[in-house]
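A.B. asks: Provided herewith: input12.cif, mmCIF, C-alpha atoms.
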```cif
data_protein
#
loop_
_atom_site.group_PDB
_atom_site.id
_atom_site.type_symbol
_atom_site.label_atom_id
_atom_site.label_comp_id
_atom_site.auth_asym_id
_atom_site.auth_seq_id
_atom_site.Cartn_x
_atom_site.Cartn_y
_atom_site.Cartn_z
ATOM 1 C CA MET A 3 -24.626 3.766 42.739
ATOM 2 C CA LYS A 4 -24.655 6.011 45.835
ATOM 3 C CA LEU A 5 -21.343 4.481 46.930
ATOM 4 C CA GLN A 6 -19.770 5.370 43.586
ATOM 5 C CA LYS A 7 -21.069 8.925 43.715
ATOM 6 C CA THR A 8 -19.803 9.408 47.262
ATOM 7 C CA ILE A 9 -16.353 8.107 46.345
ATOM 8 C CA ASP A 10 -16.287 10.371 43.271
ATOM 9 C CA VAL A 11 -17.091 13.417 45.437
ATOM 10 C CA VAL A 12 -14.325 12.501 47.908
ATOM 11 C CA LEU A 13 -11.694 11.809 45.251
ATOM 12 C CA ASN A 14 -12.577 14.918 43.260
ATOM 13 C CA GLN A 15 -11.374 16.993 46.246
ATOM 14 C CA VAL A 16 -7.817 15.821 45.507
ATOM 15 C CA GLN A 17 -5.472 17.232 42.872
ATOM 16 C CA PRO A 18 -5.387 14.546 40.123
ATOM 17 C CA ASN A 19 -1.570 14.417 39.990
ATOM 18 C CA THR A 20 -1.590 13.246 43.641
ATOM 19 C CA PHE A 21 -2.727 9.820 42.430
ATOM 20 C CA ASN A 22 0.376 9.507 40.232
ATOM 21 C CA ALA A 23 2.813 9.879 43.113
ATOM 22 C CA LYS A 24 5.182 6.928 43.449
ATOM 23 C CA ASP A 25 4.818 7.079 47.236
ATOM 24 C CA LEU A 26 0.996 7.261 47.239
ATOM 25 C CA ILE A 27 0.719 4.153 49.419
ATOM 26 C CA LEU A 28 2.697 6.010 52.097
ATOM 27 C CA LYS A 29 0.537 9.128 52.074
ATOM 28 C CA GLY A 30 -2.510 7.835 53.965
ATOM 29 C CA ARG A 31 -5.605 9.959 53.506
ATOM 30 C CA VAL A 32 -4.987 12.613 50.847
ATOM 31 C CA TRP A 33 -8.463 14.174 50.974
ATOM 32 C CA PRO A 34 -9.790 16.570 53.639
ATOM 33 C CA LYS A 35 -10.891 15.543 57.131
ATOM 34 C CA PRO A 36 -13.611 12.897 56.843
ATOM 35 C CA SER A 37 -17.234 13.355 57.763
ATOM 36 C CA LEU A 38 -18.713 10.894 60.265
ATOM 37 C CA LYS A 39 -21.987 11.031 58.330
ATOM 38 C CA ILE A 40 -20.263 9.975 55.084
ATOM 39 C CA TYR A 41 -18.251 7.315 56.928
ATOM 40 C CA GLN A 42 -21.456 5.808 58.346
ATOM 41 C CA GLU A 43 -23.165 5.898 54.945
ATOM 42 C CA LEU A 44 -20.189 4.132 53.350
ATOM 43 C CA LEU A 45 -20.137 1.619 56.197
ATOM 44 C CA GLU A 46 -23.709 0.609 55.360
ATOM 45 C CA GLU A 47 -22.686 -0.267 51.803
ATOM 46 C CA SER A 48 -19.066 -1.372 52.085
ATOM 47 C CA GLU A 49 -16.899 -1.694 55.142
ATOM 48 C CA TYR A 50 -13.842 -1.594 52.900
ATOM 49 C CA ALA A 51 -14.894 1.712 51.321
ATOM 50 C CA ALA A 52 -15.520 3.177 54.788
ATOM 51 C CA TRP A 53 -12.139 1.870 56.005
ATOM 52 C CA MET A 54 -10.340 3.492 53.079
ATOM 53 C CA TYR A 55 -12.266 6.743 53.495
ATOM 54 C CA VAL A 56 -10.777 7.241 56.969
ATOM 55 C CA ASN A 57 -7.411 5.467 56.552
ATOM 56 C CA GLY A 58 -6.624 6.469 52.987
ATOM 57 C CA PHE A 59 -3.847 4.955 50.946
ATOM 58 C CA CYS A 60 -2.072 2.705 53.398
ATOM 59 C CA SER A 61 -1.810 -1.006 53.904
ATOM 60 C CA ASN A 62 -4.923 -2.686 55.221
ATOM 61 C CA HIS A 63 -2.863 -5.630 56.483
ATOM 62 C CA PHE A 64 0.503 -7.301 56.368
ATOM 63 C CA THR A 65 0.943 -11.038 55.896
ATOM 64 C CA VAL A 66 3.597 -12.947 57.811
ATOM 65 C CA ASP A 67 4.993 -15.921 55.856
ATOM 66 C CA VAL A 68 4.866 -18.613 58.553
ATOM 67 C CA ASN A 69 6.919 -20.968 56.374
ATOM 68 C CA LYS A 70 9.927 -18.724 56.936
ATOM 69 C CA LEU A 71 9.650 -18.556 60.724
ATOM 70 C CA LYS A 72 12.117 -20.688 62.659
ATOM 71 C CA SER A 73 10.645 -20.462 66.179
ATOM 72 C CA PHE A 74 7.217 -21.947 65.469
ATOM 73 C CA GLU A 75 6.177 -25.294 64.041
ATOM 74 C CA SER A 76 2.492 -24.567 63.477
ATOM 75 C CA LEU A 77 -0.079 -21.848 63.152
ATOM 76 C CA ALA A 78 -1.640 -23.073 66.408
ATOM 77 C CA GLN A 79 1.662 -22.322 68.197
ATOM 78 C CA ILE A 80 1.736 -18.827 66.719
ATOM 79 C CA ASN A 81 -1.860 -18.211 67.784
ATOM 80 C CA GLU A 82 -1.080 -19.371 71.318
ATOM 81 C CA PHE A 83 1.963 -17.068 71.427
ATOM 82 C CA LEU A 84 -0.092 -14.122 70.172
ATOM 83 C CA GLN A 85 -2.887 -14.675 72.685
ATOM 84 C CA THR A 86 -0.418 -15.141 75.554
ATOM 85 C CA ASN A 87 1.026 -11.759 74.622
ATOM 86 C CA GLY A 88 -2.309 -9.964 74.649
ATOM 87 C CA PHE A 89 -3.306 -10.016 70.979
ATOM 88 C CA LYS A 90 -6.927 -10.758 70.151
ATOM 89 C CA LEU A 91 -7.444 -13.214 67.316
ATOM 90 C CA ASN A 92 -10.035 -13.010 64.590
ATOM 91 C CA SER A 93 -12.252 -16.007 65.350
ATOM 92 C CA SER A 94 -14.671 -15.549 62.440
ATOM 93 C CA GLY A 95 -14.706 -18.918 60.680
ATOM 94 C CA GLY A 96 -12.431 -20.326 63.405
ATOM 95 C CA LYS A 97 -9.115 -19.019 64.644
ATOM 96 C CA ILE A 98 -7.407 -21.021 61.885
ATOM 97 C CA LYS A 99 -9.012 -20.752 58.466
ATOM 98 C CA GLY A 100 -8.241 -23.369 55.834
ATOM 99 C CA ASN A 101 -6.364 -26.639 56.352
ATOM 100 C CA PRO A 102 -3.513 -28.677 54.853
ATOM 101 C CA SER A 103 -5.815 -30.344 52.305
ATOM 102 C CA LEU A 104 -6.546 -26.855 50.901
ATOM 103 C CA PHE A 105 -2.774 -26.160 50.980
ATOM 104 C CA LEU A 106 -3.248 -23.046 53.132
ATOM 105 C CA GLU A 107 -3.893 -22.196 56.762
ATOM 106 C CA GLN A 108 -4.412 -18.609 57.854
ATOM 107 C CA SER A 109 -5.107 -16.676 61.017
ATOM 108 C CA SER A 110 -5.058 -13.014 61.932
ATOM 109 C CA ILE A 111 -5.177 -10.650 64.839
ATOM 110 C CA LEU A 112 -7.984 -8.146 65.137
ATOM 111 C CA ALA A 113 -7.162 -4.687 63.857
ATOM 112 C CA ASP A 114 -6.265 -2.053 66.388
ATOM 113 C CA GLU A 115 -8.695 0.757 66.919
ATOM 114 C CA ILE A 116 -7.468 4.288 66.392
ATOM 115 C CA GLU A 117 -9.068 7.620 67.115
ATOM 116 C CA VAL A 118 -9.995 9.519 63.981
ATOM 117 C CA GLU A 119 -10.872 13.177 64.030
ATOM 118 C CA PHE A 120 -14.011 13.513 61.955
ATOM 119 C CA LYS A 121 -15.555 16.885 61.106
ATOM 120 C CA GLU A 122 -18.252 16.224 63.687
ATOM 121 C CA LYS A 123 -16.300 14.544 66.516
ATOM 122 C CA VAL A 124 -13.498 12.122 67.370
ATOM 123 C CA LYS A 125 -14.438 8.441 67.033
ATOM 124 C CA LYS A 126 -12.563 5.157 67.218
ATOM 125 C CA VAL A 127 -12.355 3.115 64.021
ATOM 126 C CA THR A 128 -10.305 0.098 62.981
ATOM 127 C CA SER A 129 -6.861 0.427 61.459
ATOM 128 C CA CYS A 130 -4.661 -2.359 60.071
ATOM 129 C CA TYR A 131 -3.900 -5.909 61.186
ATOM 130 C CA TYR A 132 -1.482 -8.809 60.745
ATOM 131 C CA GLU A 133 -2.325 -12.045 58.982
ATOM 132 C CA PHE A 134 -0.310 -15.250 59.317
ATOM 133 C CA ALA A 135 -0.217 -17.671 56.367
ATOM 134 C CA LEU A 136 1.154 -21.217 56.404
ATOM 135 C CA ARG A 137 1.388 -22.690 52.911
ATOM 136 C CA TYR A 138 1.658 -26.381 52.042
ATOM 137 C CA PRO A 139 3.176 -28.047 48.975
ATOM 138 C CA THR A 140 0.768 -28.844 46.154
ATOM 139 C CA GLY A 141 0.838 -32.098 44.184
ATOM 140 C CA GLU A 142 3.695 -30.673 42.114
ATOM 141 C CA GLY A 143 5.733 -30.098 45.286
ATOM 142 C CA ASN A 144 5.621 -26.292 45.083
ATOM 143 C CA LEU A 145 4.154 -24.227 47.899
ATOM 144 C CA PHE A 146 0.601 -23.107 47.222
ATOM 145 C CA THR A 147 0.638 -19.467 46.085
ATOM 146 C CA GLY A 148 -3.059 -18.667 45.825
ATOM 147 C CA PHE A 149 -5.729 -17.846 48.330
ATOM 148 C CA ILE A 150 -9.022 -19.407 49.376
ATOM 149 C CA ALA A 151 -11.965 -17.050 48.875
ATOM 150 C CA ASN A 152 -13.969 -18.280 51.890
ATOM 151 C CA SER A 153 -10.938 -17.922 54.154
ATOM 152 C CA ALA A 154 -10.021 -14.523 52.719
ATOM 153 C CA ASP A 155 -13.513 -13.204 53.478
ATOM 154 C CA LYS A 156 -13.130 -14.304 57.094
ATOM 155 C CA ILE A 157 -9.617 -12.849 57.371
ATOM 156 C CA PHE A 158 -10.870 -9.482 56.121
ATOM 157 C CA GLU A 159 -13.315 -9.436 59.024
ATOM 158 C CA SER A 160 -10.280 -8.500 61.139
ATOM 159 C CA THR A 161 -11.209 -4.849 60.512
ATOM 160 C CA ASN A 162 -14.953 -5.347 61.100
ATOM 161 C CA VAL A 163 -16.105 -2.457 63.289
ATOM 162 C CA ASN A 164 -18.953 -4.564 64.668
ATOM 163 C CA ARG A 165 -16.793 -7.595 65.392
ATOM 164 C CA ARG A 166 -17.130 -9.487 68.599
ATOM 165 C CA ARG A 167 -13.993 -9.411 70.731
ATOM 166 C CA ASN A 168 -12.850 -12.831 71.964
#
```
Represent the structure from my file as C-alpha cells, please.
C.D. replies:
Amino acid sequence: MKLQKTIDVVLNQVQPNTFNAKDLILKGRVWPKPSLKIYQELLEESEYAAWMYVNGFCSNHFTVDVNKLKSFESLAQINEFLQTNGFKLNSSGGKIKGNPSLFLEQSSILADEIEVEFKEKVKKVTSCYYEFALRYPTGEGNLFTGFIANSADKIFESTNVNRRRN
C-alpha cells in the first residue's frame, strides 16, 4: 500500500499528457530529481520500483537473439567472450539459466552502475544490462518463444544493487 501511495505521489508531479507521448520510452525520468530517502524506501519493497524511480521510462534491458549470431556456437562461448572482454556475468542461478530440455538458455551481464544526482547527494545505482537468449526448437519444430519464470527472476537480478560481483 505504501509503495502504491509513493508511486502515486511521484507520478502526480508529472503533467498527465506526458504519459501519452509516443516517445515516452525515450524520455527517461519525467518527474523531478529523485529523493534518496524515497529511493531507499522503494528499494525495501520493490527493487524494480526503485530502479524505475531513478531511471524513469527507459529500457531495463536488451535481449540479444543468440540464434541469429554467426560467430558463436553456444551461450558458453558468448559468456567466455564477454568475460575475456571485461564484462561481469550475472551468476545468480548459474551463469547459464535454463537448458535445451526447457527450450531456452539465457545469460546476462551485470548492469552498469551510474551516478544519480539525488536531492540529498550523488549516489551510484544500477542502470540497464544485456541478456543473451538461445532458443531451441519445440516438439513442433518451431523455436520456443516463451520464457521460464525461474530463469527470468534470476536474469532480472542483473540490476540487483546488493548483488555480489564475480
A.B. asks: Go through the shown structure with the PyMOL selection byres ((chain A and resi 123-136) around 7) and write out the matching residues as a short mmCIF file (atom, residue, chain, number, x, y, z; two decimals) with C-alpha atoms, in the frame of the given file.
C.D. replies:
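Now in part.cif:
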```cif
data_model
loop_
_atom_site.label_atom_id
_atom_site.label_comp_id
_atom_site.auth_asym_id
_atom_site.auth_seq_id
_atom_site.Cartn_x
_atom_site.Cartn_y
_atom_site.Cartn_z
CA SER A 61 -1.81 -1.01 53.90
CA ASN A 62 -4.92 -2.69 55.22
CA HIS A 63 -2.86 -5.63 56.48
CA PHE A 64 0.50 -7.30 56.37
CA THR A 65 0.94 -11.04 55.90
CA VAL A 66 3.60 -12.95 57.81
CA ASP A 67 4.99 -15.92 55.86
CA VAL A 68 4.87 -18.61 58.55
CA ASN A 69 6.92 -20.97 56.37
CA LEU A 77 -0.08 -21.85 63.15
CA LEU A 106 -3.25 -23.05 53.13
CA GLU A 107 -3.89 -22.20 56.76
CA GLN A 108 -4.41 -18.61 57.85
CA SER A 109 -5.11 -16.68 61.02
CA SER A 110 -5.06 -13.01 61.93
CA ILE A 111 -5.18 -10.65 64.84
CA LEU A 112 -7.98 -8.15 65.14
CA ALA A 113 -7.16 -4.69 63.86
CA ASP A 114 -6.26 -2.05 66.39
CA GLU A 115 -8.70 0.76 66.92
CA ILE A 116 -7.47 4.29 66.39
CA GLU A 117 -9.07 7.62 67.11
CA VAL A 118 -9.99 9.52 63.98
CA GLU A 119 -10.87 13.18 64.03
CA PHE A 120 -14.01 13.51 61.96
CA LYS A 121 -15.56 16.89 61.11
CA GLU A 122 -18.25 16.22 63.69
CA ARG A 137 1.39 -22.69 52.91
CA TYR A 138 1.66 -26.38 52.04
CA SER A 160 -10.28 -8.50 61.14
CA THR A 161 -11.21 -4.85 60.51
CA VAL A 163 -16.10 -2.46 63.29
#
```
A.B. asks: Which residues of segment 77-101 of chain A come within 12 Å of segment 146-153 of chain A, and for each one, what is the closest pair of atoms and their distance in Å to one decimal, counting only C-alpha atoms, sorted by chain and residue number, as JSON lines?
C.D. replies:
```
{"residue": "A:Asn92", "atom": "CA", "partner": "A:Ser153", "partner_atom": "CA", "distance": 11.6}
{"residue": "A:Ser93", "atom": "CA", "partner": "A:Ser153", "partner_atom": "CA", "distance": 11.4}
{"residue": "A:Ser94", "atom": "CA", "partner": "A:Ser153", "partner_atom": "CA", "distance": 9.4}
{"residue": "A:Gly95", "atom": "CA", "partner": "A:Ser153", "partner_atom": "CA", "distance": 7.6}
{"residue": "A:Gly96", "atom": "CA", "partner": "A:Ser153", "partner_atom": "CA", "distance": 9.7}
{"residue": "A:Lys97", "atom": "CA", "partner": "A:Ser153", "partner_atom": "CA", "distance": 10.7}
{"residue": "A:Ile98", "atom": "CA", "partner": "A:Ser153", "partner_atom": "CA", "distance": 9.0}
{"residue": "A:Lys99", "atom": "CA", "partner": "A:Ser153", "partner_atom": "CA", "distance": 5.5}
{"residue": "A:Gly100", "atom": "CA", "partner": "A:Ser153", "partner_atom": "CA", "distance": 6.3}
{"residue": "A:Asn101", "atom": "CA", "partner": "A:Ser153", "partner_atom": "CA", "distance": 10.1}
```
A.B. asks: I would like the residues chosen by the PyMOL selection byres ((chain A and resi 59) around 8) on the shown file; could you give them as a PyMOL selection string?
C.D. replies: chain A and resi 26-32+54+57-58+60-61
A.B. asks: Edge lengths and centre in Å to one decimal, as lines of an AutoDock Vina configuration file, is what I'm after for the box along x, y and z that holds all listed atoms of segment 103-115 of chain A once 6 Å is added on each side.
C.D. replies:
```
center_x = -5.7
center_y = -14.8
center_z = 58.9
size_x = 17.9
size_y = 43.1
size_z = 28.0
```
A.B. asks: Since I can't run it myself right now, could you work out what the PyMOL selection byres ((chain A and resi 11-14) around 9) selects here and report it as a list of chain:residue names?
C.D. replies: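 Residues picked by the PyMOL selection byres ((chain A and resi 11-14) around 9): A:Gln6, A:Lys7, A:Thr8, A:Ile9, A:Asp10, A:Gln15, A:Val16, A:Gln17, A:Pro18, A:Val32, A:Trp33, A:Pro34, A:Pro36, A:Tyr55.
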A.B. asks: What does the distance between atom CA of Lys70 of chain A and atom CA of Leu145 of chain A come to in Å, to one decimal place?
C.D. replies: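 Computing it gives 12.1 Å between the two atoms.
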A.B. asks: Regenerate segment 100-112 of chain A at the level of N, CA, C and O atoms and dump it as a PDB file, in the coordinates of the input.
C.D. replies:
```
ATOM      1  N   GLY A 100      -8.914 -22.480  56.776  1.00  0.00           N
ATOM      2  CA  GLY A 100      -8.241 -23.369  55.834  1.00  0.00           C
ATOM      3  C   GLY A 100      -7.679 -24.584  56.547  1.00  0.00           C
ATOM      4  O   GLY A 100      -7.873 -24.777  57.749  1.00  0.00           O
ATOM      5  N   ASN A 101      -6.967 -25.427  55.794  1.00  0.00           N
ATOM      6  CA  ASN A 101      -6.364 -26.639  56.352  1.00  0.00           C
ATOM      7  C   ASN A 101      -5.354 -27.186  55.340  1.00  0.00           C
ATOM      8  O   ASN A 101      -5.322 -26.742  54.194  1.00  0.00           O
ATOM      9  N   PRO A 102      -4.541 -28.151  55.762  1.00  0.00           N
ATOM     10  CA  PRO A 102      -3.513 -28.677  54.853  1.00  0.00           C
ATOM     11  C   PRO A 102      -4.067 -29.225  53.537  1.00  0.00           C
ATOM     12  O   PRO A 102      -3.419 -29.097  52.498  1.00  0.00           O
ATOM     13  N   SER A 103      -5.270 -29.798  53.558  1.00  0.00           N
ATOM     14  CA  SER A 103      -5.815 -30.344  52.305  1.00  0.00           C
ATOM     15  C   SER A 103      -6.162 -29.234  51.298  1.00  0.00           C
ATOM     16  O   SER A 103      -6.252 -29.484  50.103  1.00  0.00           O
ATOM     17  N   LEU A 104      -6.325 -28.006  51.788  1.00  0.00           N
ATOM     18  CA  LEU A 104      -6.546 -26.855  50.901  1.00  0.00           C
ATOM     19  C   LEU A 104      -5.227 -26.145  50.591  1.00  0.00           C
ATOM     20  O   LEU A 104      -5.206 -25.156  49.874  1.00  0.00           O
ATOM     21  N   PHE A 105      -4.136 -26.662  51.178  1.00  0.00           N
ATOM     22  CA  PHE A 105      -2.774 -26.160  50.980  1.00  0.00           C
ATOM     23  C   PHE A 105      -2.501 -24.812  51.650  1.00  0.00           C
ATOM     24  O   PHE A 105      -1.472 -24.192  51.398  1.00  0.00           O
ATOM     25  N   LEU A 106      -3.429 -24.345  52.489  1.00  0.00           N
ATOM     26  CA  LEU A 106      -3.248 -23.046  53.132  1.00  0.00           C
ATOM     27  C   LEU A 106      -3.989 -22.985  54.455  1.00  0.00           C
ATOM     28  O   LEU A 106      -5.151 -23.380  54.532  1.00  0.00           O
ATOM     29  N   GLU A 107      -3.280 -22.519  55.476  1.00  0.00           N
ATOM     30  CA  GLU A 107      -3.893 -22.196  56.762  1.00  0.00           C
ATOM     31  C   GLU A 107      -3.588 -20.732  57.040  1.00  0.00           C
ATOM     32  O   GLU A 107      -2.478 -20.265  56.774  1.00  0.00           O
ATOM     33  N   GLN A 108      -4.587 -20.028  57.572  1.00  0.00           N
ATOM     34  CA  GLN A 108      -4.412 -18.609  57.854  1.00  0.00           C
ATOM     35  C   GLN A 108      -5.049 -18.258  59.190  1.00  0.00           C
ATOM     36  O   GLN A 108      -6.048 -18.856  59.591  1.00  0.00           O
ATOM     37  N   SER A 109      -4.478 -17.285  59.851  1.00  0.00           N
ATOM     38  CA  SER A 109      -5.107 -16.676  61.017  1.00  0.00           C
ATOM     39  C   SER A 109      -4.730 -15.205  61.017  1.00  0.00           C
ATOM     40  O   SER A 109      -3.864 -14.779  60.243  1.00  0.00           O
ATOM     41  N   SER A 110      -5.383 -14.440  61.867  1.00  0.00           N
ATOM     42  CA  SER A 110      -5.058 -13.014  61.932  1.00  0.00           C
ATOM     43  C   SER A 110      -5.453 -12.455  63.286  1.00  0.00           C
ATOM     44  O   SER A 110      -6.329 -12.990  63.971  1.00  0.00           O
ATOM     45  N   ILE A 111      -4.779 -11.374  63.641  1.00  0.00           N
ATOM     46  CA  ILE A 111      -5.177 -10.650  64.839  1.00  0.00           C
ATOM     47  C   ILE A 111      -6.259  -9.666  64.435  1.00  0.00           C
ATOM     48  O   ILE A 111      -6.437  -9.362  63.252  1.00  0.00           O
ATOM     49  N   LEU A 112      -7.003  -9.182  65.411  1.00  0.00           N
ATOM     50  CA  LEU A 112      -7.984  -8.146  65.137  1.00  0.00           C
ATOM     51  C   LEU A 112      -7.261  -6.811  64.978  1.00  0.00           C
ATOM     52  O   LEU A 112      -6.268  -6.547  65.665  1.00  0.00           O
TER      53      LEU A 112
END
```
